[in-house]
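The data block below is final.txt; it holds compact mmCIF, C-alpha atoms.
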```txt
# COMPACT_ATOMS: atom_id res chain seq x y z
CA MET K 1 -35.70 -35.40 2.68
CA SER K 2 -35.45 -37.67 -0.38
CA ASN K 3 -33.45 -40.84 0.20
CA ASN K 4 -31.48 -39.83 -2.90
CA SER K 5 -30.50 -36.39 -1.56
CA LEU K 6 -27.28 -35.50 0.20
CA VAL K 7 -27.44 -34.29 3.81
CA ARG K 8 -27.33 -30.49 4.39
CA HIS K 9 -24.70 -30.10 7.10
CA THR K 10 -22.26 -27.51 5.66
CA SER K 11 -22.55 -24.16 7.50
CA LEU K 12 -21.53 -20.67 6.36
CA SER K 13 -18.05 -21.06 7.82
CA GLY K 14 -17.75 -24.50 6.26
CA ALA K 15 -18.78 -23.11 2.86
CA ILE K 16 -16.20 -20.29 3.09
CA LEU K 17 -13.49 -22.81 4.03
CA LEU K 18 -14.62 -24.96 1.12
CA GLY K 19 -14.15 -22.04 -1.28
CA LEU K 20 -10.80 -20.94 0.16
CA GLY K 21 -9.55 -24.51 0.29
CA ALA K 22 -10.36 -24.91 -3.40
CA ILE K 23 -8.65 -21.63 -4.34
CA VAL K 24 -5.55 -21.19 -2.17
CA GLY K 25 -3.27 -23.72 -3.76
CA THR K 26 -2.45 -23.95 -7.45
CA GLY K 27 -3.44 -20.31 -7.95
CA ALA K 28 -1.32 -18.92 -5.15
CA TYR K 29 1.66 -21.26 -5.44
CA VAL K 30 1.83 -21.68 -9.24
CA SER K 31 -0.27 -19.41 -11.49
CA ILE K 32 0.66 -16.02 -9.99
CA ALA K 33 4.35 -16.82 -10.56
CA LEU K 34 3.51 -17.84 -14.15
CA ALA K 35 1.59 -14.59 -14.71
CA THR K 36 4.45 -12.54 -13.24
CA GLU K 37 6.88 -14.11 -15.71
CA ILE K 38 4.51 -13.22 -18.57
CA THR K 39 3.55 -9.67 -17.59
CA GLY K 40 6.22 -8.33 -15.23
CA SER K 41 4.88 -5.49 -13.10
CA TRP K 42 1.60 -5.60 -14.99
CA VAL K 43 0.79 -8.67 -12.91
CA LEU K 44 -1.00 -6.55 -10.29
CA LEU K 45 -3.34 -5.13 -12.92
CA ALA K 46 -3.84 -8.63 -14.31
CA ILE K 47 -4.78 -9.87 -10.83
CA LEU K 48 -7.29 -7.03 -10.38
CA LEU K 49 -8.81 -7.67 -13.81
CA ALA K 50 -9.11 -11.38 -13.04
CA ALA K 51 -10.68 -10.50 -9.66
CA PHE K 52 -13.25 -8.27 -11.39
CA VAL K 53 -14.15 -11.01 -13.86
CA ALA K 54 -14.35 -13.52 -11.00
CA ALA K 55 -16.59 -11.17 -8.99
CA CYS K 56 -19.06 -10.83 -11.87
CA ASN K 57 -19.11 -14.57 -12.45
CA GLY K 58 -19.21 -15.32 -8.74
CA LEU K 59 -22.25 -13.09 -8.23
CA SER K 60 -24.00 -14.78 -11.16
CA SER K 61 -23.22 -18.16 -9.56
CA ALA K 62 -24.52 -16.91 -6.21
CA GLN K 63 -27.72 -15.68 -7.86
CA LEU K 64 -28.34 -19.04 -9.48
CA ALA K 65 -27.40 -21.09 -6.43
CA ALA K 66 -29.75 -19.05 -4.23
CA VAL K 67 -32.80 -19.76 -6.42
CA HIS K 68 -31.83 -23.31 -7.44
CA PRO K 69 -29.65 -24.83 -4.66
CA VAL K 70 -28.83 -28.32 -5.93
CA SER K 71 -25.65 -30.27 -6.58
CA GLY K 72 -24.24 -29.73 -10.05
CA GLY K 73 -23.71 -25.97 -10.37
CA THR K 74 -24.04 -24.57 -13.91
CA TYR K 75 -24.80 -28.05 -15.24
CA GLU K 76 -28.13 -27.87 -13.40
CA TYR K 77 -28.60 -24.14 -14.05
CA GLY K 78 -28.19 -24.69 -17.79
CA TYR K 79 -30.96 -27.28 -17.77
CA GLN K 80 -33.20 -25.19 -15.51
CA PHE K 81 -32.86 -21.78 -17.19
CA LEU K 82 -31.56 -22.49 -20.73
CA ASN K 83 -31.82 -25.90 -22.45
CA HIS K 84 -30.40 -29.41 -22.36
CA TRP K 85 -27.61 -28.49 -24.79
CA ALA K 86 -26.33 -25.72 -22.53
CA GLY K 87 -26.72 -27.86 -19.43
CA PHE K 88 -24.82 -30.80 -20.83
CA THR K 89 -22.06 -28.58 -22.23
CA ALA K 90 -21.60 -26.93 -18.82
CA GLY K 91 -21.29 -30.30 -17.10
CA TRP K 92 -18.93 -31.63 -19.76
CA LEU K 93 -16.72 -28.54 -19.46
CA PHE K 94 -16.75 -28.47 -15.68
CA VAL K 95 -15.60 -32.07 -15.35
CA ALA K 96 -12.79 -31.43 -17.86
CA ALA K 97 -11.75 -28.05 -16.46
CA LYS K 98 -11.58 -29.01 -12.84
CA SER K 99 -10.06 -32.39 -13.54
CA ALA K 100 -7.29 -30.51 -15.38
CA SER K 101 -6.93 -28.19 -12.39
CA ALA K 102 -6.66 -31.17 -10.04
CA ALA K 103 -4.06 -32.78 -12.30
CA THR K 104 -2.13 -29.48 -12.28
CA ALA K 105 -2.20 -29.37 -8.49
CA ALA K 106 -1.11 -33.01 -8.19
CA LEU K 107 1.81 -32.41 -10.57
CA ALA K 108 2.73 -29.14 -8.84
CA PHE K 109 2.84 -31.08 -5.57
CA GLY K 110 5.85 -32.92 -6.98
CA LEU K 111 7.52 -29.65 -8.05
CA TYR K 112 7.66 -28.67 -4.38
CA LEU K 113 8.10 -31.94 -2.53
CA LEU K 114 10.48 -33.99 -4.67
CA PRO K 115 13.39 -31.48 -4.79
CA ALA K 116 13.09 -31.00 -1.03
CA LEU K 117 13.47 -34.75 -0.56
CA GLY K 118 16.31 -34.96 -3.07
CA VAL K 119 14.23 -37.24 -5.28
CA SER K 120 14.27 -37.15 -9.10
CA GLN K 121 11.46 -35.32 -10.90
CA HIS K 122 10.88 -38.57 -12.81
CA TRP K 123 8.71 -39.55 -9.83
CA GLN K 124 6.42 -36.55 -10.32
CA ILE K 125 3.69 -38.42 -12.23
CA PRO K 126 3.65 -41.57 -10.00
CA LEU K 127 3.48 -39.30 -6.94
CA ALA K 128 0.53 -37.41 -8.47
CA ILE K 129 -1.35 -40.69 -9.10
CA VAL K 130 -0.79 -41.95 -5.54
CA LEU K 131 -1.82 -38.59 -4.09
CA LEU K 132 -5.10 -38.56 -6.04
CA ALA K 133 -5.89 -42.09 -4.88
CA LEU K 134 -5.34 -41.24 -1.20
CA LEU K 135 -7.49 -38.11 -1.33
CA MET K 136 -10.21 -40.06 -3.11
CA LEU K 137 -10.48 -42.25 0.00
CA LEU K 138 -10.79 -39.15 2.21
CA VAL K 139 -13.58 -37.66 0.07
CA ASN K 140 -15.54 -40.91 0.21
CA GLY K 141 -15.51 -40.51 3.99
CA GLY K 142 -18.11 -37.72 3.64
CA MET K 143 -18.24 -33.93 3.96
CA ARG K 144 -17.88 -33.61 7.73
CA ARG K 145 -14.41 -35.13 7.72
CA SER K 146 -13.49 -33.06 4.65
CA ASN K 147 -14.61 -29.80 6.33
CA ARG K 148 -12.37 -30.44 9.32
CA ALA K 149 -9.45 -31.05 6.99
CA ASN K 150 -10.26 -27.79 5.15
CA LEU K 151 -9.92 -25.71 8.31
CA VAL K 152 -6.36 -26.91 8.93
CA ILE K 153 -5.43 -26.61 5.25
CA VAL K 154 -6.67 -23.03 4.81
CA VAL K 155 -5.11 -21.62 8.00
CA LEU K 156 -1.67 -23.18 7.41
CA SER K 157 -1.46 -22.47 3.66
CA ILE K 158 -2.50 -18.80 3.96
CA SER K 159 -0.10 -18.30 6.88
CA ALA K 160 2.80 -19.66 4.81
CA LEU K 161 1.92 -17.36 1.88
CA MET K 162 1.80 -14.30 4.12
CA ILE K 163 5.17 -15.14 5.71
CA PHE K 164 6.75 -15.58 2.25
CA SER K 165 5.21 -12.35 0.91
CA LEU K 166 6.12 -10.17 3.87
CA HIS K 167 9.67 -11.56 3.92
CA ALA K 168 10.13 -10.90 0.18
CA ILE K 169 8.86 -7.32 0.49
CA THR K 170 10.77 -6.36 3.62
CA ASN K 171 14.07 -7.99 2.59
CA ALA K 172 14.27 -6.82 -1.04
CA ASP K 173 17.43 -4.87 -1.86
CA VAL K 174 17.38 -1.34 -3.23
CA ALA K 175 17.74 -2.47 -6.86
CA GLN K 176 14.74 -4.78 -6.59
CA ARG K 177 12.62 -2.06 -4.99
CA ASN K 178 13.48 0.36 -7.80
CA GLU K 179 12.65 -2.24 -10.46
CA VAL K 180 9.15 -3.00 -9.19
CA PHE K 181 7.39 -0.26 -11.13
CA ASN K 182 10.21 0.79 -13.44
CA PHE K 183 11.15 -2.30 -15.42
CA ASP K 184 13.37 -2.45 -18.47
CA THR K 185 12.01 -0.95 -21.71
CA ALA K 186 12.77 -4.12 -23.66
CA ILE K 187 10.62 -6.11 -21.25
CA ALA K 188 7.83 -3.54 -21.43
CA ASP K 189 7.88 -3.55 -25.23
CA SER K 190 7.54 -7.35 -25.27
CA ILE K 191 4.34 -7.23 -23.21
CA GLY K 192 1.26 -6.50 -25.31
CA TRP K 193 -2.46 -6.84 -24.80
CA ARG K 194 -2.34 -10.51 -25.82
CA GLU K 195 0.18 -11.36 -23.10
CA PHE K 196 -1.61 -9.23 -20.53
CA LEU K 197 -5.09 -10.63 -21.23
CA GLY K 198 -3.69 -14.15 -21.58
CA ALA K 199 -2.19 -13.83 -18.10
CA ALA K 200 -5.51 -12.46 -16.78
CA ALA K 201 -7.27 -15.52 -18.24
CA LEU K 202 -4.85 -17.85 -16.43
CA LEU K 203 -5.30 -15.88 -13.21
CA PHE K 204 -9.08 -16.03 -13.51
CA VAL K 205 -8.87 -19.79 -13.06
CA ALA K 206 -6.98 -19.13 -9.82
CA PHE K 207 -10.12 -17.46 -8.43
CA THR K 208 -12.74 -19.96 -9.52
CA GLY K 209 -12.64 -22.22 -6.48
CA TYR K 210 -15.73 -20.31 -5.31
CA GLY K 211 -17.65 -22.41 -7.82
CA ARG K 212 -17.20 -25.36 -5.47
CA ILE K 213 -19.58 -23.65 -3.07
CA ALA K 214 -22.29 -23.52 -5.74
CA THR K 215 -21.75 -27.10 -6.90
CA MET K 216 -22.17 -28.26 -3.28
CA GLY K 217 -25.55 -26.49 -3.02
CA GLU K 218 -27.36 -29.66 -2.00
CA GLU K 219 -25.18 -30.04 1.11
CA VAL K 220 -25.19 -26.40 2.33
CA SER K 221 -27.48 -25.32 5.18
CA HIS K 222 -29.80 -22.36 4.40
CA PRO K 223 -28.43 -22.12 0.83
CA LYS K 224 -30.26 -18.92 -0.20
CA ARG K 225 -28.38 -16.99 2.49
CA THR K 226 -25.23 -19.04 2.93
CA ILE K 227 -24.08 -19.46 -0.68
CA PRO K 228 -24.03 -15.75 -1.74
CA ILE K 229 -22.27 -14.63 1.45
CA ALA K 230 -19.74 -17.46 1.23
CA ILE K 231 -18.90 -16.73 -2.42
CA ILE K 232 -18.48 -12.98 -1.89
CA THR K 233 -16.36 -13.47 1.25
CA THR K 234 -14.16 -16.01 -0.51
CA LEU K 235 -13.54 -13.68 -3.46
CA VAL K 236 -12.63 -10.70 -1.28
CA VAL K 237 -10.17 -12.67 0.86
CA THR K 238 -8.61 -14.28 -2.21
CA ALA K 239 -8.20 -10.99 -4.12
CA LEU K 240 -6.40 -9.37 -1.17
CA LEU K 241 -4.13 -12.39 -0.76
CA TYR K 242 -3.26 -12.55 -4.48
CA VAL K 243 -2.42 -8.85 -4.66
CA LEU K 244 -0.06 -9.31 -1.70
CA ILE K 245 1.62 -12.32 -3.36
CA GLY K 246 1.90 -10.54 -6.71
CA TYR K 247 3.46 -7.49 -5.09
CA ALA K 248 5.88 -9.72 -3.19
CA LEU K 249 6.94 -11.56 -6.36
CA LEU K 250 7.92 -8.22 -7.90
CA HIS K 251 10.55 -7.98 -5.14
CA THR K 252 12.12 -11.34 -6.03
CA ASP K 253 14.44 -12.73 -8.70
CA LEU K 254 11.40 -14.01 -10.61
CA PHE K 255 10.83 -10.44 -11.73
CA SER K 256 14.40 -9.24 -12.12
CA GLN K 257 15.88 -12.34 -13.77
CA SER K 258 14.61 -14.85 -16.31
CA LEU K 259 14.13 -18.37 -15.00
CA ALA K 260 13.34 -19.85 -18.40
CA GLY K 261 14.31 -23.48 -18.65
CA ASN K 262 14.21 -24.05 -14.89
CA SER K 263 11.87 -26.95 -14.11
CA GLN K 264 10.94 -25.26 -10.84
CA GLN K 265 10.17 -21.86 -12.34
CA LEU K 266 6.54 -22.04 -11.24
CA ALA K 267 7.36 -23.01 -7.66
CA LEU K 268 7.75 -20.25 -5.08
CA ILE K 269 10.23 -22.38 -3.20
CA ALA K 270 12.74 -21.73 -6.02
CA LEU K 271 12.70 -18.06 -4.96
CA THR K 272 13.75 -18.71 -1.37
CA GLU K 273 17.27 -18.94 -0.01
CA GLN K 274 16.94 -19.20 3.78
CA SER K 275 16.35 -22.77 4.93
CA TRP K 276 13.64 -21.78 7.39
CA LEU K 277 11.70 -19.90 4.69
CA ARG K 278 12.04 -22.82 2.30
CA ALA K 279 10.57 -25.07 4.98
CA VAL K 280 7.65 -22.67 5.53
CA VAL K 281 6.89 -22.35 1.80
CA LEU K 282 7.24 -26.08 1.25
CA SER K 283 4.87 -26.88 4.11
CA GLY K 284 2.34 -24.30 2.98
CA ALA K 285 2.44 -25.44 -0.65
CA VAL K 286 2.10 -29.12 0.19
CA ILE K 287 -0.85 -28.45 2.48
CA ALA K 288 -2.54 -26.00 0.08
CA LEU K 289 -2.21 -28.27 -2.94
CA LEU K 290 -3.66 -31.13 -0.92
CA GLY K 291 -6.62 -28.86 -0.11
CA VAL K 292 -7.15 -27.93 -3.75
CA ILE K 293 -7.18 -31.54 -4.89
CA LEU K 294 -9.49 -32.52 -2.04
CA ASN K 295 -12.00 -29.84 -2.94
CA LEU K 296 -11.76 -30.49 -6.68
CA ILE K 297 -12.54 -34.17 -6.20
CA LEU K 298 -15.53 -33.11 -4.11
CA GLY K 299 -16.82 -30.53 -6.59
CA VAL K 300 -16.30 -32.54 -9.78
CA SER K 301 -17.81 -35.68 -8.28
CA ARG K 302 -20.98 -33.73 -7.43
CA VAL K 303 -21.33 -32.65 -11.08
CA VAL K 304 -20.76 -36.26 -12.18
CA LEU K 305 -23.46 -37.22 -9.64
CA ALA K 306 -25.88 -34.70 -11.18
CA MET K 307 -25.08 -35.88 -14.72
CA GLY K 308 -25.72 -39.46 -13.66
CA ARG K 309 -29.13 -38.46 -12.28
CA ARG K 310 -30.08 -37.02 -15.69
CA ASN K 311 -28.63 -40.00 -17.58
CA ASP K 312 -26.08 -37.75 -19.32
CA LEU K 313 -23.60 -40.16 -17.75
CA PRO K 314 -24.31 -43.77 -16.64
CA PRO K 315 -26.94 -43.81 -13.83
CA ALA K 316 -24.57 -45.83 -11.64
CA PHE K 317 -22.65 -42.60 -10.99
CA ALA K 318 -25.71 -41.22 -9.16
CA ARG K 319 -25.73 -43.84 -6.42
CA LEU K 320 -25.10 -42.60 -2.87
CA ASN K 321 -23.57 -44.48 0.05
CA GLN K 322 -25.70 -45.89 2.84
CA ASP K 323 -25.55 -42.69 4.95
CA ASN K 324 -26.20 -40.33 1.98
CA THR K 325 -22.95 -38.50 2.72
CA SER K 326 -21.03 -39.37 -0.44
CA ALA K 327 -21.42 -40.61 -4.01
CA PRO K 328 -18.69 -43.29 -4.25
CA ASN K 329 -19.04 -44.17 -7.93
CA ALA K 330 -18.96 -40.51 -8.94
CA VAL K 331 -15.82 -40.03 -6.84
CA TYR K 332 -14.14 -43.05 -8.43
CA VAL K 333 -14.72 -41.92 -12.02
CA THR K 334 -13.77 -38.32 -11.15
CA THR K 335 -10.43 -39.44 -9.72
CA ALA K 336 -9.80 -41.71 -12.71
CA VAL K 337 -10.19 -38.77 -15.14
CA MET K 338 -7.82 -36.66 -13.02
CA MET K 339 -5.25 -39.47 -13.04
CA LEU K 340 -5.40 -39.70 -16.84
CA LEU K 341 -4.77 -35.96 -17.19
CA ALA K 342 -1.91 -36.15 -14.69
CA LEU K 343 -0.20 -38.66 -17.01
CA LEU K 344 0.40 -35.74 -19.42
CA GLY K 345 2.97 -34.43 -16.93
CA ASP K 346 2.76 -30.78 -18.10
CA VAL K 347 1.69 -28.24 -15.47
CA GLN K 348 1.35 -25.24 -17.78
CA LEU K 349 -0.57 -27.14 -20.50
CA ALA K 350 -3.05 -28.55 -18.00
CA TRP K 351 -3.57 -25.08 -16.47
CA SER K 352 -4.14 -23.46 -19.89
CA PHE K 353 -6.70 -26.11 -20.86
CA SER K 354 -8.44 -25.49 -17.56
CA ALA K 355 -8.55 -21.75 -18.36
CA PHE K 356 -10.28 -22.32 -21.71
CA THR K 357 -12.89 -24.69 -20.34
CA VAL K 358 -13.56 -22.61 -17.21
CA LEU K 359 -14.11 -19.40 -19.19
CA THR K 360 -16.54 -21.17 -21.52
CA TYR K 361 -18.30 -22.76 -18.55
CA TYR K 362 -18.82 -19.40 -16.85
CA GLY K 363 -20.10 -17.92 -20.10
CA ILE K 364 -22.98 -20.41 -19.77
CA THR K 365 -23.32 -19.47 -16.08
CA ASN K 366 -23.91 -15.83 -16.98
CA LEU K 367 -26.37 -16.71 -19.73
CA ALA K 368 -28.35 -18.77 -17.22
CA ALA K 369 -28.21 -15.97 -14.63
CA LEU K 370 -29.72 -13.55 -17.15
CA ARG K 371 -32.79 -15.80 -17.31
CA VAL K 372 -33.58 -15.59 -13.59
CA PRO K 373 -36.95 -13.78 -13.16
CA ALA K 374 -36.76 -10.19 -11.89
CA SER K 375 -38.81 -11.12 -8.81
CA GLN K 376 -36.06 -13.54 -7.69
CA ARG K 377 -33.03 -11.40 -8.53
CA PHE K 378 -30.71 -9.75 -6.03
CA VAL K 379 -27.83 -9.35 -8.51
CA PRO K 380 -28.30 -6.68 -11.24
CA ARG K 381 -28.47 -7.99 -14.81
CA LEU K 382 -25.54 -5.71 -15.70
CA VAL K 383 -23.25 -7.84 -13.52
CA SER K 384 -24.08 -10.99 -15.51
CA ILE K 385 -23.71 -9.11 -18.81
CA LEU K 386 -20.24 -7.92 -17.78
CA GLY K 387 -19.35 -11.43 -16.65
CA LEU K 388 -20.46 -12.89 -19.99
CA LEU K 389 -18.57 -10.31 -22.06
CA SER K 390 -15.38 -10.72 -20.01
CA CYS K 391 -15.44 -14.50 -20.47
CA LEU K 392 -15.95 -14.15 -24.23
CA VAL K 393 -13.03 -11.71 -24.52
CA LEU K 394 -10.53 -13.57 -22.33
CA VAL K 395 -11.15 -16.99 -23.88
CA PHE K 396 -9.74 -15.77 -27.21
CA PHE K 397 -6.42 -14.91 -25.58
CA ILE K 398 -5.71 -18.50 -24.58
CA ASP K 399 -2.91 -20.13 -26.62
CA TRP K 400 -4.34 -21.07 -30.02
CA TYR K 401 -3.54 -24.78 -29.80
CA VAL K 402 -5.30 -25.02 -26.43
CA PHE K 403 -8.26 -23.05 -27.84
CA ALA K 404 -8.48 -25.41 -30.85
CA SER K 405 -8.22 -28.51 -28.67
CA GLY K 406 -10.93 -27.15 -26.38
CA CYS K 407 -13.29 -26.57 -29.31
CA VAL K 408 -12.73 -30.16 -30.51
CA PHE K 409 -13.42 -31.40 -26.98
CA ILE K 410 -16.72 -29.48 -26.84
CA ALA K 411 -17.73 -30.79 -30.26
CA ALA K 412 -17.02 -34.37 -29.15
CA GLY K 413 -19.17 -33.90 -26.06
CA LEU K 414 -22.06 -32.44 -28.03
CA LEU K 415 -21.90 -35.34 -30.49
CA TRP K 416 -22.08 -37.79 -27.59
CA HIS K 417 -25.05 -35.89 -26.13
CA PHE K 418 -26.82 -35.75 -29.52
CA ILE K 419 -26.57 -39.52 -29.95
CA ARG K 420 -27.62 -40.25 -26.37
CA PHE K 421 -30.48 -37.71 -26.47
CA ASN K 422 -31.89 -39.13 -29.72
CA ASN K 423 -31.59 -42.69 -28.41
CA SER K 424 -33.50 -41.80 -25.24
CA ARG K 425 -36.27 -40.13 -27.28
CA SER K 426 -36.54 -43.24 -29.45
CA VAL K 427 -36.96 -45.41 -26.34
CA ASP K 428 -39.65 -43.07 -24.96
CA ARG K 429 -41.67 -43.45 -28.15
```

Represent the structure of the file as structure tokens.
Amino acid sequence: MSNNSLVRHTSLSGAILLGLGAIVGTGAYVSIALATEITGSWVLLAILLAAFVAACNGLSSAQLAAVHPVSGGTYEYGYQFLNHWAGFTAGWLFVAAKSASAATAALAFGLYLLPALGVSQHWQIPLAIVLLALLMLLVNGGMRRSNRANLVIVVLSISALMIFSLHAITNADVAQRNEVFNFDTAIADSIGWREFLGAAALLFVAFTGYGRIATMGEEVSHPKRTIPIAIITTLVVTALLYVLIGYALLHTDLFSQSLAGNSQQLALIALTEQSWLRAVVLSGAVIALLGVILNLILGVSRVVLAMGRRNDLPPAFARLNQDNTSAPNAVYVTTAVMMLLALLGDVQLAWSFSAFTVLTYYGITNLAALRVPASQRFVPRLVSILGLLSCLVLVFFIDWYVFASGCVFIAAGLLWHFIRFNNSRSVDR
């Protein structure tokens, strides 16, 4: 083993927990409620569409990770199977997208915890910064400690979601049950393809924690077998859980009444009345959001590590600790970017930006997967083609100002890469 390679000690179960820990948090406790407000009872179809898109993209990721199992995910796949422009763009987008997701989770943490403590929402941003700093220290402790934390996080957060969902379904009154698939005509008329596909785009981000499994390829045991199985298992479990939550939300006041203007409209705890259920949802949300942030710091720092190795970012970010179990400098810069995004203080804006960058990122993933030689393929090319087309379609249904900002962000990254690439070629001469 190279003295600059991370240790492979993450098993199949650890990889599945890694994926679930990265998914079951912001998606389950925030974005499904947001999508339900946008689409009403169409939310179940939006969840299934997002699951289909995620499955296509997840299988493309699994295909690439099986033949090229290194840290960095699509950043490395772009370099390996496409060109340096595609590789750099993928890394640039991944760091931005997942940093925005982590900032969303850190801010959402305050939406749940602060009201329960009777503390003003003005403390939401400071709390997010402190939370990111504490989890940064945990990540720098190495993957073994993080895997143990994931097990507790996943079991408790999924249990809380199931209790909330089953309670909402079984305790809905007759009027709510009748409204589930027979909502008001005015509401139906206000929901068009743009709203529906926009919600599906936001929900797609709620599935993409499986990408953390691919980006951790250098630390997974038997990656050619472990990574595909872990990704597929994670997607199936997540899809079933999201459908249950979506169906449950249709039996709550979120569906039957508008909560516009309520600062807690994205928090499931705002839909609970019984004190014991509020305690369950609060505990589950706090634990799940901690898990999401933990896994995002892990995943993004590994892409920063890979970019440092290729000199797309300063080489200092590629340094490992003495035991080769963590990349401290990469973790520090990753957390710093997340903190800056958390200063925006807008959950929905951060989540929408994440949706744009993630969809573009996975477009590159599918392009790379289409270049894998036939002799090494176990995923049909049609799957990657469908994944590519779905990403291209959904990205245009993101809010226009987020779309425009994302394009400017990509252009800025490519300009940076152009200057750095030309400078390096001049030095080589």

Using all atoms listed in the file, which residues of segment 260-349 of chain K come within 8 Å of segment 137-140 of chain K, and what is the closest atom pair for each, with the distance in Å to one decimal? Give it as JSON lines, sorted by chain and residue number.
```
{"residue": "K:Leu294", "atom": "CA", "partner": "K:Val139", "partner_atom": "CA", "distance": 6.9}
{"residue": "K:Ile297", "atom": "CA", "partner": "K:Val139", "partner_atom": "CA", "distance": 7.3}
{"residue": "K:Leu298", "atom": "CA", "partner": "K:Val139", "partner_atom": "CA", "distance": 6.5}
{"residue": "K:Ser326", "atom": "CA", "partner": "K:Asn140", "partner_atom": "CA", "distance": 5.7}
{"residue": "K:Ala327", "atom": "CA", "partner": "K:Asn140", "partner_atom": "CA", "distance": 7.2}
{"residue": "K:Pro328", "atom": "CA", "partner": "K:Asn140", "partner_atom": "CA", "distance": 6.0}
{"residue": "K:Val331", "atom": "CA", "partner": "K:Asn140", "partner_atom": "CA", "distance": 7.1}
```

Using only C-alpha atoms, please write the residues we just selected to a file, as a PDB file, in the frame of the given file.
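Result went into part33.pdb, see below:
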```pdb
ATOM      1  CA  LEU K 294      -9.490 -32.520  -2.040  1.00  0.00           C
ATOM      2  CA  ILE K 297     -12.540 -34.170  -6.200  1.00  0.00           C
ATOM      3  CA  LEU K 298     -15.530 -33.110  -4.110  1.00  0.00           C
ATOM      4  CA  SER K 326     -21.030 -39.370  -0.440  1.00  0.00           C
ATOM      5  CA  ALA K 327     -21.420 -40.610  -4.010  1.00  0.00           C
ATOM      6  CA  PRO K 328     -18.690 -43.290  -4.250  1.00  0.00           C
ATOM      7  CA  VAL K 331     -15.820 -40.030  -6.840  1.00  0.00           C
TER       8      VAL K 331
END
```

Which residues are close to segment 101-118 of chain K, i.e. within 6 Å by only C-alpha atoms, leaving aside same-chain residues fewer than 2 positions away? Reply as a ChimeraX atom specification. /K:26,98-99,124,128,289,293,338,341-342,347,350

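Taking atom CA of Ala318 of chain K and atom CA of Leu131 of chain K as the two end points, the separation is 24.6 Å.
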
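Using only C-alpha atoms, the smallest distance between any of K:Phe196, K:Tyr210, K:Phe403, K:Trp123 and Thr39 of chain K comes from K:Phe196.
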
Which residues are near Phe418 of chain K? Cut-off 12 Å, only C-alpha atoms, ignore same chain within fewer than 4 positions. Put them as JSON, numbers by chain. {"K": [84, 85, 88, 89, 312, 411, 412, 413, 414, 422, 423, 424, 425]}

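Ranking K:Ser352, K:Ser405, K:Thr238, K:Ser390 by their shortest atom-to-atom distance to Ile158 of chain K, with only C-alpha atoms included, puts K:Thr238 first.
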
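The environment of Leu271 of chain K within 7 Å, counting all atoms listed in the file and disregarding residues fewer than 2 places along the same chain, consists of K:Thr252, K:Asp253, K:Leu268, K:Ile269, K:Glu273.
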
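Shortest separation to Gly21 of chain K among K:Ile287, K:Ala33, K:Ile410, K:Leu386 occurs at residue K:Ile287, atoms counted being all atoms listed in the file.
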
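Atom pair atom CA of Ile419 of chain K / atom CA of Phe94 of chain K: separated by 20.5 Å.
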
Could you work out how far atom CA of Ser157 of chain K lies from atom CA of Arg225 of chain K, giving the answer in Å with one decimal? 27.5 Å

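Distance annotation: of K:Ala55, K:Val337, K:Leu151, K:Leu12, the residue with the minimal separation from Leu388 of chain K is K:Ala55; atom set is only C-alpha atoms.
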
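For the point (2.6, -14.8, -17.0), the residues with at least one atom inside 8 Å, counting all atoms listed in the file, are Ser31, Ile32, Ala33, Leu34, Ala35, Thr36, Glu37, Ile38, Thr39, Gly40, Val43, Glu195, Phe196, Gly198 and Ala199 of chain K.
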
Identify, on the basis of all atoms listed in the file, every residue whose closest approach to Phe378 of chain K does not exceed 10 Å; exclude the query and any residue fewer than 2 positions from it along the same chain; express the result as a list in words. Leu59, Ser60, Ala62, Gln63, Ala66, Pro228, Val372, Ala374, Ser375, Gln376, Pro380 and Arg381 of chain K

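Close contacts of segment 230-236 of chain K, defined as residues with an atom at most 10 Å away when counting all atoms listed in the file, with chain neighbours fewer than 6 positions off set aside, comprise Ser11, Leu12, Ser13, Gly14, Ala15, Ile16, Leu17, Leu18, Gly19, Leu20, Gly21, Ile23, Ala51, Phe52, Ala54, Ala55, Gly58, Leu59, Ser61, Ala62, Phe207, Thr208, Gly209, Tyr210, Gly211, Arg212, Ile213, Ala214 and Pro223 of chain K.
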
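Of the residues listed (K:Pro314, K:Gly192, K:Gly27, K:Gly363), K:Gly363 shows the shortest atom-to-atom separation from Ala90 of chain K; distances use all atoms listed in the file.
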
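Nearest-residue note for Ala288 of chain K: choosing from K:Val155, K:Ile229, K:Val333, K:Ala239, the minimum distance belongs to K:Val155, counting all atoms listed in the file.
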
Neighbour residues at most 10 Å from (-8.1, -18.5, -20.5) (all atoms listed in the file) as an MDAnalysis selection string: chainID K and resid 197:205 351:360 391:399 402:403
